Each structure stands twice: as C-alpha cells, then as structure tokens.
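**Student:** Quick one: the structure is below, questions incoming.
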Amino acid sequence: MMKLFMFIIMLNLNIFINKKQILLNLMVLMLMSLNLLFMYSINYNMNWMNLYSWMGMDMLSYILSLLSLWIVMLMFMVSLSFMNKKLLSFMLLLLLMSLLLSFTSINYFMFYLYFEVSLFPTFLLIMGWGYQPERINASMFMILYTMFASLPLMIIIFYLLNYFNSLNYMIILNNMLEFNYLSFFHMLYMYMAFLVKLPVFLLHMWLPKAHVEAPVCGSMILAGVMLKLGGYGIIRSMMMMLNYSKMFNYIIIIISLLGMLILSLACMRQYDMKMLVAYSSVVHMGMMIMGVLSMTMWGTKGGSLMMLAHGLCSSGLFILVNLSYSCTKSRNMFINKGMLSTLPTLSMWWFMFCICNMSSPVSLNLLSEIMIINIMLNWSFNIIMLLMLGMYLSSMYSLYLFSYTQHGKYMNLLIQTKINKMNDYILLILHWIPLNLLILKIDMFI
C-alpha cells in the first residue's frame, strides 16, 4: 500500500517538471501502469490484507480503490483540452489520494477525515472548471449538504472511542452497540452522513445540481467514485450496530424503494440529458442501498458489484453527454435529435451504454440487480409488484434517452458538428470493457 501512495506522491513532481502539452498524457500512462501493478499486488480473497498500522484492505475496499484509480486515469484522458492543466492535475491527484486513503483506512476516524477531505478537490473542480454561473451556487449547495449531515457523525465517533477504547475496524465491526437513550437518532446520525453522500431519495437534491454545473471530469468522479464513499460508509457503519440495523433498516429500504419509482418517473420527463443521467444515478444507488441494508452476504456483495457497475456505466454516459454537447453546444434533447444520421459511431456507443444502464446481459449491472432482487424478495415477497414496476421504469428512461436523442428528424439549425477524436472512443472502450467483461472473472470478487 505504501508503495502505491509513494508512487502517487511522486506523480505530483511531474506537474512541476513536465511541459503542459505532455503532462496529462504522461499522467494517463503512469496511472494505467499503476492500475496493472495494483491488480497484481493482492491475492483475491475475502480476508483483510495489506495491513499496515491504520491501513488495510478487504475485497470491498479493494474493488472501490481499483475503481478510483481507473476513473481518475480516465479523467486525465477526458481533460486533455482543459485550461490550467497543472492545477487540474494537482487537484485530480489530491482527490485520488483522499479517495484511496478513505477506502484503505481501517480506523473509523481516519476514514471520516479523508471522507471529508475528498469534498475539497471536488468543490474546486465544480467551482473552477464548471462552465455556467450557477456553478458557485451548486458547489456551495453540495458542500453545505454533505458537511452539515456529517458533523453529528464525528460526535458519534468520539462516543465509539469512549465505548470501545478503539476505532479499529477489526475491533468494532460485528458488534452490538448499546446507546443509552434515543437509539434511533444515534443510528440515524451514523447513517446520515453516508445517506446524503449516497444520496438516498429525499436527501438527493444537491446531486443533480452538482452534476449539471460540473465539468465532465467532475461528473465522472462524482458518479464514478464519490457516491461509492456513501455506500462503503454505510456497509462499515451497519456492521457496528447490528441490533439497531435489524430494527430500523426497513425504514430506509422503503424510502429507497419509493424513491426508485418516483425518480424513474422524474427521469421520464427530463429534457436535459445530464439531469436524466444524474437522476438515474440516484435510482441505481437506491437499488444498491436496498441490497446492502438487507443485512445478508448476498445482498452486500450484490450492492458492492452494483457500485462497481454503476461507477463505470454512469461515468461513460456522462462522457457521451459531453460529446453530444461538444457537437451541438446544447444538452437539450429537443436539439440533440437524429444523431444517428450525423454521428453513427457515437450512436452505437449510446446504445451500448444505455442498454448497460438498463441492466442488459452480460453487464455487471444485470448480475448485481439479479442478486439484489433475489435478496429483496427473500426479505419480503409483498414488494414484488413495486420491484417489477421499478425495473420496468428504469429500463424505460434508458430507452427514452437513447431513442429521443439518436432517432427522429435532425435539427436544421445545426449547420456543422464537431467530429469526435479517436481519444473519445478509446475513453468509451475503457469504460465498456471492464463493465461487460469482468463478469468472466466474477469468482474473484464474490
């Protein structure tokens, strides 16, 4: 683990040494080689590994660390034409460090600390490289939402330290916490920071705003990795209070189930493509939280696979929206019509990612959804109609997004469109290959 962090710290020196023209290309190559080294550095099992003082990994944190490395590498690829390349590189590396440190911490307070630190580079990415005046409002909205919800968690962490005399996961996981009074509110405070970050339905309003105002690399990291911090935190927190989880988890599951239906219907009436993909992220995270809060091994593994699948699929969709925006200078569906006649290759990628978004074979989305539906029907068979309706509506808005943008009559006002570069297609391939081919080696993660 320390070798990995030393490598990333040394990458910061490249920012000062190299010229702007080759800097981002070099970062992509370095991070790609780091990904390969990281994949060979562990033996795939369900035990804790790479233990070092307050750092360590199990399979869940390994999957999410690998996803962070992969998405940040792709962010460097998509940011080749951005302004202030050196500052952007520094921000992305700082974000990568904070994400890896939060996923590989086995101390609950250190996890909380880096969880908060990762907000800072994201805030600057939206504020500095967003392209609309409302970005200041959106970034402030995001940071206030997440900071306000996570402050009570810090008080609970100090309570845990007093209770267990340790904050090490090895000691405090799989325990029965006994709060003396207001037990539901204690549990809610432990969950709230992560439910806002996830975000769960009713606490999700900051996410569409942040996505719409963020640059493409900001949207990629938000959808790809930042939301996974919430899921990871909930899995860890739930294990510390199994008795309260058993009593109160059904409330959050019901809210998520209703949220899936309501937000799927909200997606059906969106005309901003980026807003539609942002709302679909909330729907998928609602599905994931239902699996995780079922408190079963099958549900937790289904939820962690959905985090991996959603990180790749949603990131790819945001890149596609950005490519359409760069061609037509609008994200409006009424303007982005009939793209099949002008950009047929891009239409193929739209199709590939839209069907992955609606959980088609052989993508990881399908496997994770089957696992979660299986466990939810085991939890309560009475919700079968709601689940069927949720699945149907979530495939409907993916089809709506594809058919409305790719088919129909081409807009005559668009005199010329920008031809996409080879780099854009490589980006999409690097999202699509792990999303669809990891299923061949799924025995390593389950």
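Chain lettering (A, B, ...) mirrors the order of the structure tokens, residue numbering begins at 1 for each chain separately, and ligand numbering begins at 1 in order of display.
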If we count only C-alpha atoms and set the cut-off at 12 Å, which residues sit around A:Ser395, ignoring sequence neighbours fewer than 5 positions away in its own chain? Please answer as a PyMOL selection string.
**Tutor:** chain A and resi 260-261+264-265+267-268+280+283-284+354-360+365-366+388-390+400-402
**Student:** Tell me, as a CSV table (one decimal) with all heavy atoms, in the first residue's frame, which residues lie within 9 Å of stretch 299-303 of chain A, counting only C-alpha atoms; anything in the same chain fewer than 5 positions away does not count.
**Tutor:**
chain,number,residue,atom,x,y,z
A,60,LEU,N,-14.0,-5.5,-0.5
A,60,LEU,CA,-14.8,-4.3,-0.8
A,60,LEU,C,-14.0,-3.1,-1.1
A,60,LEU,O,-14.2,-2.4,-2.1
A,60,LEU,CB,-15.8,-4.1,0.3
A,60,LEU,CG,-16.7,-2.8,0.2
A,60,LEU,CD1,-17.6,-2.9,-1.0
A,60,LEU,CD2,-17.5,-2.6,1.5
A,231,GLY,N,-21.9,4.5,0.1
A,231,GLY,CA,-22.2,3.1,0.2
A,231,GLY,C,-21.3,2.3,1.0
A,231,GLY,O,-21.6,1.5,1.9
A,235,ILE,N,-22.0,0.4,4.7
A,235,ILE,CA,-21.7,-1.0,4.9
A,235,ILE,C,-20.8,-1.2,6.2
A,235,ILE,O,-21.1,-2.0,7.1
A,235,ILE,CB,-20.9,-1.6,3.7
A,235,ILE,CG1,-21.8,-1.7,2.5
A,235,ILE,CG2,-20.4,-3.0,4.1
A,235,ILE,CD1,-21.2,-2.1,1.2
A,285,MET,N,-28.4,4.0,-7.0
A,285,MET,CA,-27.9,3.9,-5.6
A,285,MET,C,-29.0,3.5,-4.6
A,285,MET,O,-28.7,2.9,-3.6
A,285,MET,CB,-27.3,5.3,-5.2
A,285,MET,CG,-26.0,5.7,-5.9
A,285,MET,SD,-24.7,4.6,-5.4
A,285,MET,CE,-24.5,3.5,-6.8
A,287,MET,N,-31.3,1.3,-5.4
A,287,MET,CA,-31.3,-0.1,-5.6
A,287,MET,C,-30.1,-0.8,-4.8
A,287,MET,O,-30.3,-1.8,-4.1
A,287,MET,CB,-31.1,-0.5,-7.0
A,287,MET,CG,-31.3,-1.9,-7.4
A,287,MET,SD,-33.0,-2.3,-7.5
A,287,MET,CE,-32.9,-4.0,-7.9
A,288,MET,N,-29.0,-0.1,-4.8
A,288,MET,CA,-27.8,-0.7,-4.1
A,288,MET,C,-28.0,-0.7,-2.6
A,288,MET,O,-27.7,-1.6,-1.9
A,288,MET,CB,-26.6,0.2,-4.5
A,288,MET,CG,-25.3,-0.3,-3.9
A,288,MET,SD,-24.9,0.2,-2.3
A,288,MET,CE,-24.7,2.0,-2.5
A,289,ILE,N,-28.6,0.4,-2.1
A,289,ILE,CA,-28.8,0.5,-0.6
A,289,ILE,C,-29.8,-0.5,-0.1
A,289,ILE,O,-29.7,-1.0,1.0
A,289,ILE,CB,-29.2,2.0,-0.2
A,289,ILE,CG1,-28.8,2.3,1.2
A,289,ILE,CG2,-30.6,2.3,-0.4
A,289,ILE,CD1,-27.3,2.3,1.5
A,290,MET,N,-30.8,-0.8,-1.0
A,290,MET,CA,-31.7,-1.9,-0.6
A,290,MET,C,-31.0,-3.2,-0.4
A,290,MET,O,-31.3,-3.9,0.6
A,290,MET,CB,-32.8,-2.0,-1.7
A,290,MET,CG,-33.8,-0.9,-1.6
A,290,MET,SD,-34.8,-0.8,-3.2
A,290,MET,CE,-35.4,-2.4,-3.3
A,291,GLY,N,-30.1,-3.5,-1.3
A,291,GLY,CA,-29.3,-4.8,-1.1
A,291,GLY,C,-28.4,-4.8,0.1
A,291,GLY,O,-28.4,-5.8,0.8
A,292,VAL,N,-27.8,-3.7,0.3
A,292,VAL,CA,-26.8,-3.6,1.4
A,292,VAL,C,-27.5,-3.7,2.8
A,292,VAL,O,-27.1,-4.4,3.7
A,292,VAL,CB,-26.0,-2.3,1.3
A,292,VAL,CG1,-25.3,-2.0,2.6
A,292,VAL,CG2,-25.0,-2.4,0.2
A,293,LEU,N,-28.7,-3.0,2.9
A,293,LEU,CA,-29.4,-2.9,4.2
A,293,LEU,C,-30.2,-4.2,4.5
A,293,LEU,O,-30.8,-4.3,5.5
A,293,LEU,CB,-30.3,-1.7,4.2
A,293,LEU,CG,-29.6,-0.3,4.3
A,293,LEU,CD1,-30.6,0.8,4.4
A,293,LEU,CD2,-28.5,-0.2,5.4
A,294,SER,N,-30.2,-5.1,3.5
A,294,SER,CA,-30.9,-6.4,3.8
A,294,SER,C,-30.1,-7.2,4.8
A,294,SER,O,-30.6,-8.2,5.3
A,294,SER,CB,-31.1,-7.2,2.5
A,294,SER,OG,-29.8,-7.5,2.0
A,308,LEU,N,-19.6,-0.9,-8.4
A,308,LEU,CA,-18.6,-1.0,-9.4
A,308,LEU,C,-19.2,-0.8,-10.8
A,308,LEU,O,-18.7,0.0,-11.6
A,308,LEU,CB,-17.9,-2.4,-9.3
A,308,LEU,CG,-16.9,-2.7,-10.4
A,308,LEU,CD1,-15.7,-1.8,-10.2
A,308,LEU,CD2,-16.4,-4.2,-10.2
A,367,LEU,N,-26.0,-8.7,-13.3
A,367,LEU,CA,-25.7,-9.6,-12.2
A,367,LEU,C,-26.0,-9.0,-10.8
A,367,LEU,O,-26.6,-9.7,-10.0
A,367,LEU,CB,-24.2,-10.0,-12.3
A,367,LEU,CG,-23.7,-10.9,-11.2
A,367,LEU,CD1,-24.2,-12.3,-11.4
A,367,LEU,CD2,-22.1,-10.9,-11.2
A,368,SER,N,-25.6,-7.8,-10.6
A,368,SER,CA,-25.9,-7.2,-9.3
A,368,SER,C,-27.4,-7.0,-9.1
A,368,SER,O,-27.9,-7.2,-8.0
A,368,SER,CB,-25.2,-5.8,-9.2
A,368,SER,OG,-25.6,-5.0,-10.3
A,369,GLU,N,-28.1,-6.6,-10.1
A,369,GLU,CA,-29.6,-6.5,-9.9
A,369,GLU,C,-30.3,-7.8,-9.6
A,369,GLU,O,-31.2,-7.8,-8.8
A,369,GLU,CB,-30.2,-5.8,-11.2
A,369,GLU,CG,-30.0,-4.3,-11.2
A,369,GLU,CD,-31.0,-3.5,-12.0
A,369,GLU,OE1,-32.0,-4.1,-12.4
A,369,GLU,OE2,-30.7,-2.4,-12.3
A,370,ILE,N,-29.8,-8.8,-10.3
A,370,ILE,CA,-30.4,-10.2,-10.0
A,370,ILE,C,-30.2,-10.6,-8.5
A,370,ILE,O,-31.1,-11.0,-7.8
A,370,ILE,CB,-29.8,-11.2,-11.0
A,370,ILE,CG1,-30.4,-11.1,-12.4
A,370,ILE,CG2,-30.1,-12.7,-10.4
A,370,ILE,CD1,-29.7,-11.9,-13.4
A,371,MET,N,-28.9,-10.3,-8.1
A,371,MET,CA,-28.6,-10.6,-6.7
A,371,MET,C,-29.5,-9.8,-5.7
A,371,MET,O,-30.0,-10.3,-4.7
A,371,MET,CB,-27.1,-10.3,-6.4
A,371,MET,CG,-26.2,-11.3,-7.1
A,371,MET,SD,-24.5,-10.7,-7.0
A,371,MET,CE,-24.0,-11.4,-5.5
A,372,ILE,N,-29.6,-8.5,-6.0
A,372,ILE,CA,-30.4,-7.6,-5.1
A,372,ILE,C,-31.9,-8.0,-5.1
A,372,ILE,O,-32.5,-8.1,-4.1
A,372,ILE,CB,-30.1,-6.2,-5.4
A,372,ILE,CG1,-28.7,-5.8,-5.1
A,372,ILE,CG2,-31.1,-5.2,-4.7
A,372,ILE,CD1,-28.2,-4.5,-5.6
A,373,ILE,N,-32.5,-8.2,-6.3
A,373,ILE,CA,-33.9,-8.6,-6.4
A,373,ILE,C,-34.1,-9.9,-5.7
A,373,ILE,O,-35.1,-10.1,-5.0
A,373,ILE,CB,-34.3,-8.7,-7.9
A,373,ILE,CG1,-34.3,-7.3,-8.5
A,373,ILE,CG2,-35.7,-9.3,-8.0
A,373,ILE,CD1,-34.4,-7.3,-10.0
A,374,ASN,N,-33.2,-10.8,-5.9
A,374,ASN,CA,-33.3,-12.1,-5.2
A,374,ASN,C,-33.4,-11.9,-3.7
A,374,ASN,O,-34.3,-12.5,-3.0
A,374,ASN,CB,-32.0,-12.9,-5.5
A,374,ASN,CG,-32.1,-14.4,-5.3
A,374,ASN,OD1,-32.9,-14.8,-4.5
A,374,ASN,ND2,-31.3,-15.1,-6.0
A,375,ILE,N,-32.5,-11.1,-3.1
A,375,ILE,CA,-32.5,-10.9,-1.7
A,375,ILE,C,-33.7,-10.1,-1.2
A,375,ILE,O,-34.2,-10.3,-0.1
A,375,ILE,CB,-31.1,-10.4,-1.3
A,375,ILE,CG1,-30.7,-11.0,0.1
A,375,ILE,CG2,-31.1,-8.9,-1.1
A,375,ILE,CD1,-30.3,-12.4,0.0
A,376,MET,N,-34.1,-9.2,-2.0
A,376,MET,CA,-35.3,-8.3,-1.6
A,376,MET,C,-36.6,-9.1,-1.5
A,376,MET,O,-37.4,-8.9,-0.7
A,376,MET,CB,-35.5,-7.1,-2.5
A,376,MET,CG,-34.4,-6.0,-2.4
A,376,MET,SD,-33.9,-5.7,-0.7
A,376,MET,CE,-35.4,-5.0,0.0
A,445,PHE,N,-14.3,-11.8,-7.1
A,445,PHE,CA,-14.9,-10.7,-6.3
A,445,PHE,C,-16.0,-11.3,-5.3
A,445,PHE,O,-16.5,-10.6,-4.5
A,445,PHE,CB,-15.5,-9.6,-7.1
A,445,PHE,CG,-14.5,-9.0,-8.0
A,445,PHE,CD1,-14.5,-9.1,-9.4
A,445,PHE,CD2,-13.4,-8.2,-7.5
A,445,PHE,CE1,-13.6,-8.5,-10.2
A,445,PHE,CE2,-12.5,-7.6,-8.3
A,445,PHE,CZ,-12.6,-7.8,-9.6
A,446,ILE,N,-16.5,-12.5,-5.6
A,446,ILE,CA,-17.6,-13.0,-4.8
A,446,ILE,C,-17.2,-14.2,-3.9
A,446,ILE,O,-16.5,-15.1,-4.4
A,446,ILE,CB,-18.8,-13.4,-5.7
A,446,ILE,CG1,-19.4,-12.2,-6.4
A,446,ILE,CG2,-19.8,-14.2,-5.0
A,446,ILE,CD1,-20.6,-12.5,-7.2
**Student:** Using only C-alpha atoms, which protein or nucleic acid residues come within 12 Å of A:Met30? Drop anything in the same chain fewer than 2 positions from it, and give the result as an mmCIF file with C-alpha atoms, in the first residue's frame.
**Tutor:**
data_model
loop_
_atom_site.group_PDB
_atom_site.id
_atom_site.type_symbol
_atom_site.label_atom_id
_atom_site.label_comp_id
_atom_site.auth_asym_id
_atom_site.auth_seq_id
_atom_site.Cartn_x
_atom_site.Cartn_y
_atom_site.Cartn_z
ATOM 1 C CA LEU A 4 1.156 2.866 -4.148
ATOM 2 C CA PHE A 7 4.061 6.458 -6.492
ATOM 3 C CA ILE A 8 1.112 8.909 -6.467
ATOM 4 C CA MET A 10 5.967 11.222 -6.859
ATOM 5 C CA LEU A 11 3.485 11.826 -9.699
ATOM 6 C CA ASN A 12 2.945 15.290 -8.210
ATOM 7 C CA ASN A 14 5.746 15.555 -12.751
ATOM 8 C CA LEU A 23 1.716 16.343 -18.795
ATOM 9 C CA LEU A 24 -1.775 14.827 -18.985
ATOM 10 C CA ASN A 25 -0.750 12.118 -21.481
ATOM 11 C CA LEU A 26 2.083 11.109 -19.183
ATOM 12 C CA MET A 27 -0.300 11.005 -16.191
ATOM 13 C CA VAL A 28 -2.649 8.670 -18.096
ATOM 14 C CA MET A 32 -2.598 2.908 -16.248
ATOM 15 C CA SER A 33 0.623 1.138 -15.288
ATOM 16 C CA LEU A 34 -0.227 1.752 -11.615
ATOM 17 C CA ASN A 35 -3.611 0.087 -12.186
ATOM 18 C CA LEU A 36 -1.938 -3.022 -13.577
ATOM 19 C CA LEU A 37 0.537 -3.165 -10.688
ATOM 20 C CA LEU A 69 -7.643 4.572 -9.845
ATOM 21 C CA TRP A 70 -9.373 3.628 -13.109
ATOM 22 C CA VAL A 72 -9.152 9.139 -12.246
ATOM 23 C CA MET A 73 -6.973 7.798 -15.072
ATOM 24 C CA LEU A 74 -9.918 8.263 -17.471
ATOM 25 C CA PHE A 76 -6.981 12.720 -17.135
ATOM 26 C CA MET A 77 -7.814 11.406 -20.627
ATOM 27 C CA LEU A 93 -4.112 13.631 -7.768
#
**Student:** Closest to A:Ile234 among A:Cys313, A:Gly259, A:Arg269, A:Tyr112, using only C-alpha atoms?
**Tutor:**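 Checking each of A:Cys313, A:Gly259, A:Arg269, A:Tyr112 against A:Ile234, counting only C-alpha atoms, the winner is A:Tyr112.
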**Student:** Give me, as a ChimeraX atom specification, the residues of stretch 214-250 of chain A that a backbone DSSP run labels alpha helix (DSSP H).
**Tutor:** /A:216-221,227-238,242-250
**Student:** Which residues are close to A:Asn50, i.e. within 7 Å by only C-alpha atoms, leaving aside same-chain residues fewer than 6 positions away? Reply as a list of chain:residue names.
**Tutor:**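 Contacts, in chain order: A:Met1, A:Gly56, A:Met57.
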**Student:** For the residues in that selection, give me all heavy atoms as a PDB file, in the first residue's frame.
**Tutor:**
ATOM      1  N   MET A   1       0.814  -1.206   0.000  1.00  0.00           N
ATOM      2  CA  MET A   1       0.000   0.000   0.000  1.00  0.00           C
ATOM      3  C   MET A   1       0.852   1.263   0.000  1.00  0.00           C
ATOM      4  O   MET A   1       0.573   2.209  -0.708  1.00  0.00           O
ATOM      5  CB  MET A   1      -0.915   0.017   1.238  1.00  0.00           C
ATOM      6  CG  MET A   1      -2.163  -0.822   1.109  1.00  0.00           C
ATOM      7  SD  MET A   1      -3.061  -0.545  -0.411  1.00  0.00           S
ATOM      8  CE  MET A   1      -3.441   1.172  -0.307  1.00  0.00           C
ATOM      9  N   GLY A  56      -5.387  -0.850   5.697  1.00  0.00           N
ATOM     10  CA  GLY A  56      -5.602  -2.247   5.331  1.00  0.00           C
ATOM     11  C   GLY A  56      -6.742  -2.335   4.331  1.00  0.00           C
ATOM     12  O   GLY A  56      -7.421  -1.344   4.053  1.00  0.00           O
ATOM     13  N   MET A  57      -6.954  -3.507   3.767  1.00  0.00           N
ATOM     14  CA  MET A  57      -7.982  -3.660   2.738  1.00  0.00           C
ATOM     15  C   MET A  57      -8.690  -4.992   2.897  1.00  0.00           C
ATOM     16  O   MET A  57      -8.082  -5.974   3.289  1.00  0.00           O
ATOM     17  CB  MET A  57      -7.344  -3.648   1.338  1.00  0.00           C
ATOM     18  CG  MET A  57      -6.726  -2.340   0.943  1.00  0.00           C
ATOM     19  SD  MET A  57      -5.592  -2.570  -0.405  1.00  0.00           S
ATOM     20  CE  MET A  57      -6.737  -2.812  -1.707  1.00  0.00           C
TER      21      MET A  57
END
**Student:** Report, in Å to a single decimal, how far apart atom CA of A:Met306 and atom CA of A:Lys441 are.
**Tutor:**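 If I compute the distance from atom CA of A:Lys441 to atom CA of A:Met306, I get 15.6 Å.
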**Student:** Could you check which of A:Asn84, A:Asn18, A:Thr342, A:Asn168 is closest to A:Met110, using only C-alpha atoms?
**Tutor:**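 Of all the options, A:Asn168 lies closest to A:Met110.
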**Student:** Identify, on the basis of only C-alpha atoms, every residue whose closest approach to A:Asn423 does not exceed 12 Å; exclude the query and any residue fewer than 3 positions from it along the same chain; express the result as a ChimeraX atom specification.
**Tutor:** /A:25,28,74,76-81,319,323,419-420,426-430
**Student:** From a DSSP calculation on the backbone, collect every residue of stretch 61-284 of chain A in strand (DSSP E or B) and output the set as an MDAnalysis selection string.
**Tutor:** chainID A and resid 105 107 168 176 241 272
**Student:** For the residues selected in the previous step, produce a file with C-alpha atoms as an mmCIF file, in the first residue's frame.
**Tutor:**
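Resulting contents of selection.cif:
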data_model
loop_
_atom_site.group_PDB
_atom_site.id
_atom_site.type_symbol
_atom_site.label_atom_id
_atom_site.label_comp_id
_atom_site.auth_asym_id
_atom_site.auth_seq_id
_atom_site.Cartn_x
_atom_site.Cartn_y
_atom_site.Cartn_z
ATOM 1 C CA SER A 105 -8.280 3.178 6.267
ATOM 2 C CA ASN A 107 -9.553 3.320 11.523
ATOM 3 C CA ASN A 168 -10.074 -0.040 14.553
ATOM 4 C CA MET A 176 -23.924 -4.758 19.187
ATOM 5 C CA MET A 241 -24.681 -1.748 15.337
ATOM 6 C CA ASP A 272 -31.695 17.883 -20.082
#
**Student:** I want to know what sits within 12 Å of A:Ser281, based on only C-alpha atoms, with residues of the same chain fewer than 6 positions away left out; could you give that as an MDAnalysis selection string?
**Tutor:** chainID A and resid 198:201 204 207:208 211 219:220 222:228 259:260 263:264 267 274:275 287:288 306:307 309:315 317:318 357:358 394 398
**Student:** Using only C-alpha atoms, which of the listed residues (A:Trp432, A:Phe82, A:Tyr145, A:Phe103) sits closest to A:Leu64?
**Tutor:** A:Phe103
